[in-house]
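For reference, the structure is listed below as structure tokens.
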Amino acid sequence: MILMTTSRRKFIKISALGLGGVAASTTAFNMFGANSYLDELVKENVAKKFKRTATYCEVCFWKCAAWAHTNEDGEIKKIIGNENDPHCFGRLCPRGTGGVGMYNDEDRLKTPLIRTNINGEETYREASWEEALDLIASKFKGYKETYGAESIALLKHGSPGSHLEHLFKAFGSDTIAEPAYAQCRGPRETGFGLTFGSWIGSPEPTDIRDTKCLVLIGSHIGENMHNSQVQEMSDAIDNGATIITVDPRLSTAASKSEHWLAIKPATDIALLLSWMNVLIEEGLYNKNYVEKYGFGFDQLKDHVKQFTPEWAYGITTIKPEEIRKTARIMAAAAPSVIIHPGRHVVWYGDDSQRERAIAMLNGLLGSWGNRGGFYFKESLKVPKFPHPAYPEPKWGWKEIGEKYPYAEMGITSELVKATLPSEDNEHPIKAWLVAGTNLINTLPQREKTIEAINAVEFMVVVDTMPMEITGYADVVLPECTYLERYDDIRSATNRIPSIAVRVPVVEPKYDSKPAWWISKEIGERLGLHDYFNYNDFEEVIDWQLHELGTSLEEMKKVGVKVFDRKSGPLFLEEGQDHTFYTPSGKIEFYSQQLVNKGFDPMPVYTAHPEPPQGFYRLNYGRSPMHTFSRTINNPNLNALKSENTLWVNPKVARILSLKTNQEVWLKNQDDVISTFSIKVRVTERVRWDSVYMYHGFGHNNEKLSRAFGKGVSDTELITKIAVDPLMGGTGLRGNFVSILTENPHKNTEI
Ligand SMILES: Nc1nc2c(c(=O)[nH]1)N[C@H]1C(S)=C(S)[C@@H](COP(=O)(O)OP(=O)(O)OC[C@H]3O[C@@H](n4cnc5c(=O)[nH]c(N)nc54)[C@H](O)[C@@H]3O)O[C@H]1N2
Ligand SMILES: Nc1nc2c(c(=O)[nH]1)N[C@H]1C(S)=C(S)[C@@H](COP(=O)(O)OP(=O)(O)OC[C@H]3O[C@@H](n4cnc5c(=O)[nH]c(N)nc54)[C@H](O)[C@@H]3O)O[C@H]1N2
Ligand code: SF4
Ligand SMILES: [Mo]
């Protein structure tokens, strides 16, 4: 579909209204830094007497470097981007600006808690750190003696995870996983790894700033607020780049696009194959590049011959002329073209193969290693603070996930399975430590997660907030927020290497402690002193910074330091030899290693289940003002968006007689009913076969005073998964819901 200028304006306006609380003229693309709504609120506080402290943001994992400003009373008044940071170019996204709400949230965890039984009722009692840490250490020792340290699993995300990972490895457990792999980026790393021999990694090495054509396939940059990427996309639009967005929903990005391909969900591989067909049949691919760097082009040519735009039309609902036209636009821009790999790519189970198709399309256009395409990233290796070698565990995440030959990190859902008692389980997990991940809202198949939690003998949760997961723990440890602690040096992979430091802005509130301290204290109790040979994490950072030719003293003043590249130029020179880290040393259009492991050497399209009569596909994505479930209770961000809505196409609204703001409940294909209700938003921006909602809402822990009961959790309705046979990713988008207008919980108490 080509959007006319008038309808584009209209759409942009609609998208702005959807961002709740933000001035109507504001769009996702200018909500950064100085323009941000929150920034306006704190403007009056900008005074010369403010002290600034170097930090990097933990509201999401882009890790923008920032300055936190405190007044004479030591109150945090403002957080702004560090102007020298290649991740944020001096501007934070609205979530980062509102990060101080994490510190101020009065619902925070305040003291260690230990599960106890009073008069037959399970409850928590406050405990001292001493008691809580002693209990954890004695339990861990016991499990190590009886089952081996491997039987204790670490499920983690974000900064606390790296400190605890060190503790676990020192103790002898590599039973570690995070949802940022099998519920997020895993398949794209596999798909690109198989094709170019290189992970995409974070941040993506996309030269968006200089691109002539950016193709987004379900990647909703602009709602997905990964900072510098959004800013570069905005610049690319100003510089006249063509944006092509493939999305069944009119995302903010789609509303900014010259071409919006409103694809039928779950059919992207067909589109990708037919784009390759056009490029090859019309001789538009980058011949010199493919000849020099490609492997298996002839097989690809044969393979895609049958996948004409006419064939794809019947599957994707995108007109053949639109497929041809967009393929020609990409070819005309090549090699300054990016088919974006996306990030949350666990969709339909064949995700590694879809990502491989995306990688191959980039290969045909020659964008890898070319300006306006993908650059060769570089980062600085931070030396490890000296400690003895880690012991070798007998088993760990690899063995648990061995069914998936291309898994390169722990698969959370497989660790969940290994926790469930079963006779043929060779790797039984007995205890969990969960840090910085709200598994209840993060993993699909909630019932299984809870079953595993019930099976696990001992569970510790390290969190800042009383999130759902904390309610299942035997011991809860309150971590202080990122504004109250030191953490690892941030070494960023970018066009140029850079480092940033996180220095405590204020003292920890309540009785909360940093994860580095928690890890060390448990480690000391487990007899692992040699792995924690320091009194304060400050010593570790200072030592590392000296090794890198700077110091903590200097870094406190500058926050960010950039370094010269050492690995060579950002892009390939014309005709330059280059070896890719694949078996053939080339870009693999045909993959013999996949054949050897019993997989298709080139992607094929397979049909996925369709919604049954009366059901709609459950589509979900990012709220620009929030990060997953973690920020919904944040007082600053909650004020901007306190609940999600259900996007419903007018056609569906007519059939079901639904009106905007009407309260409805959802029931999925497995008869799971949403705990809470959600308000309808009738909009043309979603296809008639799907409904859409923001992820992260619908909290059911009453301790979250602002977030409790607000909106519906997509996660609770994702009971069915399609598992990626290559790397174990859990495809989440094959769930269907029907819309209930009567309260199904009328006669039951929630
Ligand atoms: N249904 C559904 N599931 C999804 C997704 C989806 O879109 N829909 N997205 C997937 C993706 S892409 C990802 S990356 C994952 C994200 O998964 P998670 O990172 O698990 O997401 P959150 O739900 O935000 O949980 C973060 C937890 O960390 C806590 N926390 C925040 N800051 C700190 C801190 O400084 N220290 C400690 N100790 N804890 C902290 C928060 O209070 C919260 O409990 O979810 C995946 N799962
Ligand atoms: N504000 C904010 N930004 C974030 C985050 C956050 O929590 N909040 N989280 C960050 C993280 S960890 C991640 S992984 C990224 C995720 O962000 P992205 O990788 O950009 O997006 P996804 O969540 O995969 O995709 C959402 C889009 O896919 C579309 N879609 C659904 N089904 C299909 C389909 O079958 N085909 C196509 N082509 N499109 C489809 C949806 O309509 C929606 O627009 O966002 C990051 N940025
Ligand atoms: S993108 Fe936003 S939330 Fe994420 S680290 Fe940067 S400022 Fe923080
Ligand atoms: Mo993610």
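Scheme for the structure tokens: letters A, B, ... for chains in order shown; per-chain residue numbers from 1; ligand numbers from 1 in order shown.
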
Quiz item: Leaving out Ala153 in chain A and any residue of its chain fewer than 6 positions from it, which residues lie within 12 Å of it when counting only C-alpha atoms, given as a count of residues only?
Solution: 44

Quiz prompt | Distance filter 8 Å around ligand 2, atoms: only C-alpha atoms and all ligand atoms, out as a VMD selection string | solution = chain A and resid 60 to 61 95 180 184 to 185 216 to 226 245 to 251 263 to 268 342 to 348 619 to 629 686 692 695 to 696 733

Identify, counting only C-alpha atoms and all ligand atoms, the protein, DNA and RNA residues located within 6 Å of ligand 1, and give them as a compact mmCIF listing (two decimals) with C-alpha atoms, in the first residue's frame.
```txt
# COMPACT_ATOMS: atom_id res chain seq x y z
CA HIS A 157 18.85 -10.07 32.64
CA PRO A 160 22.82 -7.54 38.05
CA PRO A 179 15.13 -14.16 28.11
CA ALA A 180 17.05 -11.82 25.80
CA GLN A 183 12.53 -14.91 23.75
CA CYS A 184 14.26 -12.18 21.80
CA HIS A 344 12.52 -9.38 18.99
CA ALA A 435 17.97 -11.55 38.98
CA GLY A 436 16.51 -8.69 36.95
CA THR A 437 13.94 -10.71 35.02
CA ASN A 438 10.23 -10.94 35.73
CA LEU A 439 9.84 -14.45 34.33
CA ASN A 441 5.60 -11.73 32.45
CA THR A 442 8.53 -12.64 30.25
CA LEU A 443 8.28 -16.35 29.50
CA VAL A 462 17.06 -10.27 43.34
CA ASP A 463 14.93 -7.35 42.15
CA THR A 464 14.30 -3.69 42.81
CA MET A 465 10.50 -3.94 42.76
CA MET A 467 7.23 -7.76 40.70
CA GLU A 479 18.76 -4.48 44.90
CA THR A 481 18.56 1.00 41.53
CA TYR A 482 21.19 1.86 38.92
CA GLY A 621 4.77 -4.82 20.56
CA THR A 627 10.21 -1.09 28.88
CA PHE A 628 8.54 -4.49 29.08
CA SER A 629 6.82 -4.93 32.43
CA ARG A 630 9.55 -3.21 34.41
CA HIS A 695 3.42 -5.80 26.04
CA ASP A 714 -0.14 -10.45 26.44
CA THR A 715 2.03 -13.04 28.18
```

Quiz prompt | Selection near Asn227 in chain A, 7 Å with only C-alpha atoms, sequence-local residues under 2 positions removed, as a list in words | solution =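 Near Asn227 in chain A, the qualifying residues are His87, Cys88, Leu92, Cys93, Met225, Gln229, Val230 and Gln231 of chain A.
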
Restricting it to all heavy atoms, dump the selection as an mmCIF file, in the first residue's frame.
```cif
data_model
loop_
_atom_site.group_PDB
_atom_site.id
_atom_site.type_symbol
_atom_site.label_atom_id
_atom_site.label_comp_id
_atom_site.auth_asym_id
_atom_site.auth_seq_id
_atom_site.Cartn_x
_atom_site.Cartn_y
_atom_site.Cartn_z
ATOM 1 N N HIS A 87 26.032 6.123 21.721
ATOM 2 C CA HIS A 87 24.748 5.418 21.858
ATOM 3 C C HIS A 87 23.560 6.350 21.940
ATOM 4 O O HIS A 87 22.424 5.922 21.805
ATOM 5 C CB HIS A 87 24.735 4.593 23.164
ATOM 6 C CG HIS A 87 25.273 3.247 22.990
ATOM 7 N ND1 HIS A 87 24.806 2.166 23.664
ATOM 8 C CD2 HIS A 87 26.243 2.808 22.193
ATOM 9 C CE1 HIS A 87 25.482 1.107 23.296
ATOM 10 N NE2 HIS A 87 26.361 1.473 22.417
ATOM 11 N N CYS A 88 23.812 7.598 22.311
ATOM 12 C CA CYS A 88 22.654 8.469 22.541
ATOM 13 C C CYS A 88 22.840 9.870 21.994
ATOM 14 O O CYS A 88 21.887 10.642 21.993
ATOM 15 C CB CYS A 88 22.312 8.515 24.029
ATOM 16 S SG CYS A 88 23.402 9.553 25.010
ATOM 17 N N LEU A 92 18.495 11.441 25.797
ATOM 18 C CA LEU A 92 17.872 10.211 26.277
ATOM 19 C C LEU A 92 16.471 10.079 25.693
ATOM 20 O O LEU A 92 15.847 11.083 25.341
ATOM 21 C CB LEU A 92 17.781 10.219 27.797
ATOM 22 C CG LEU A 92 19.099 10.290 28.570
ATOM 23 C CD1 LEU A 92 18.817 10.155 30.067
ATOM 24 C CD2 LEU A 92 20.080 9.204 28.129
ATOM 25 N N CYS A 93 15.991 8.870 25.634
ATOM 26 C CA CYS A 93 14.598 8.679 25.227
ATOM 27 C C CYS A 93 13.709 8.987 26.436
ATOM 28 O O CYS A 93 14.200 9.129 27.553
ATOM 29 C CB CYS A 93 14.389 7.270 24.673
ATOM 30 S SG CYS A 93 13.995 6.008 25.890
ATOM 31 N N MET A 225 12.131 2.060 21.101
ATOM 32 C CA MET A 225 12.818 3.346 21.284
ATOM 33 C C MET A 225 14.326 3.224 21.452
ATOM 34 O O MET A 225 14.920 4.051 22.156
ATOM 35 C CB MET A 225 12.223 4.064 22.496
ATOM 36 C CG MET A 225 10.852 4.623 22.217
ATOM 37 S SD MET A 225 10.903 5.816 20.886
ATOM 38 C CE MET A 225 10.407 7.258 21.754
ATOM 39 N N GLN A 229 19.422 4.536 17.300
ATOM 40 C CA GLN A 229 18.806 3.970 16.107
ATOM 41 C C GLN A 229 17.614 4.823 15.652
ATOM 42 O O GLN A 229 17.431 5.093 14.470
ATOM 43 C CB GLN A 229 18.352 2.556 16.469
ATOM 44 C CG GLN A 229 18.011 1.690 15.306
ATOM 45 C CD GLN A 229 17.795 0.235 15.721
ATOM 46 O OE1 GLN A 229 18.256 -0.660 15.049
ATOM 47 N NE2 GLN A 229 17.087 -0.001 16.801
ATOM 48 N N VAL A 230 16.800 5.263 16.627
ATOM 49 C CA VAL A 230 15.645 6.106 16.304
ATOM 50 C C VAL A 230 16.137 7.454 15.770
ATOM 51 O O VAL A 230 15.620 7.972 14.778
ATOM 52 C CB VAL A 230 14.747 6.334 17.546
ATOM 53 C CG1 VAL A 230 13.486 7.098 17.175
ATOM 54 C CG2 VAL A 230 14.385 5.005 18.199
ATOM 55 N N GLN A 231 17.152 7.999 16.424
ATOM 56 C CA GLN A 231 17.668 9.303 15.983
ATOM 57 C C GLN A 231 18.251 9.206 14.579
ATOM 58 O O GLN A 231 18.058 10.099 13.752
ATOM 59 C CB GLN A 231 18.743 9.785 16.958
ATOM 60 C CG GLN A 231 18.197 10.099 18.345
ATOM 61 C CD GLN A 231 19.232 10.820 19.200
ATOM 62 O OE1 GLN A 231 19.830 11.798 18.769
ATOM 63 N NE2 GLN A 231 19.451 10.332 20.407
#
```

Self-check item: Residue neighbourhood Asn104 in chain A, 10 Å, only C-alpha atoms, exclusion window fewer than 4 positions, as a PyMOL selection string
Solution: chain A and resi 76+99-100+108+481+509+634-636

Practice problem: From a DSSP pass on the backbone, collect the residues of range 433-663 of chain A flagged as helix (DSSP H, G or I) and hand them back as a ChimeraX atom specification. | Solution: /A:439-442,446-455,468-472,482-484,515-525,529-531,537-547,552-558,592-596,635-638,650-656

Practice problem: Select, from A:Trp67, A:Gly161, A:Gly186, A:Asn277, the residue with the minimum atom-to-atom distance to ligand 4, counting only C-alpha atoms and all ligand atoms. | Solution: A:Gly186
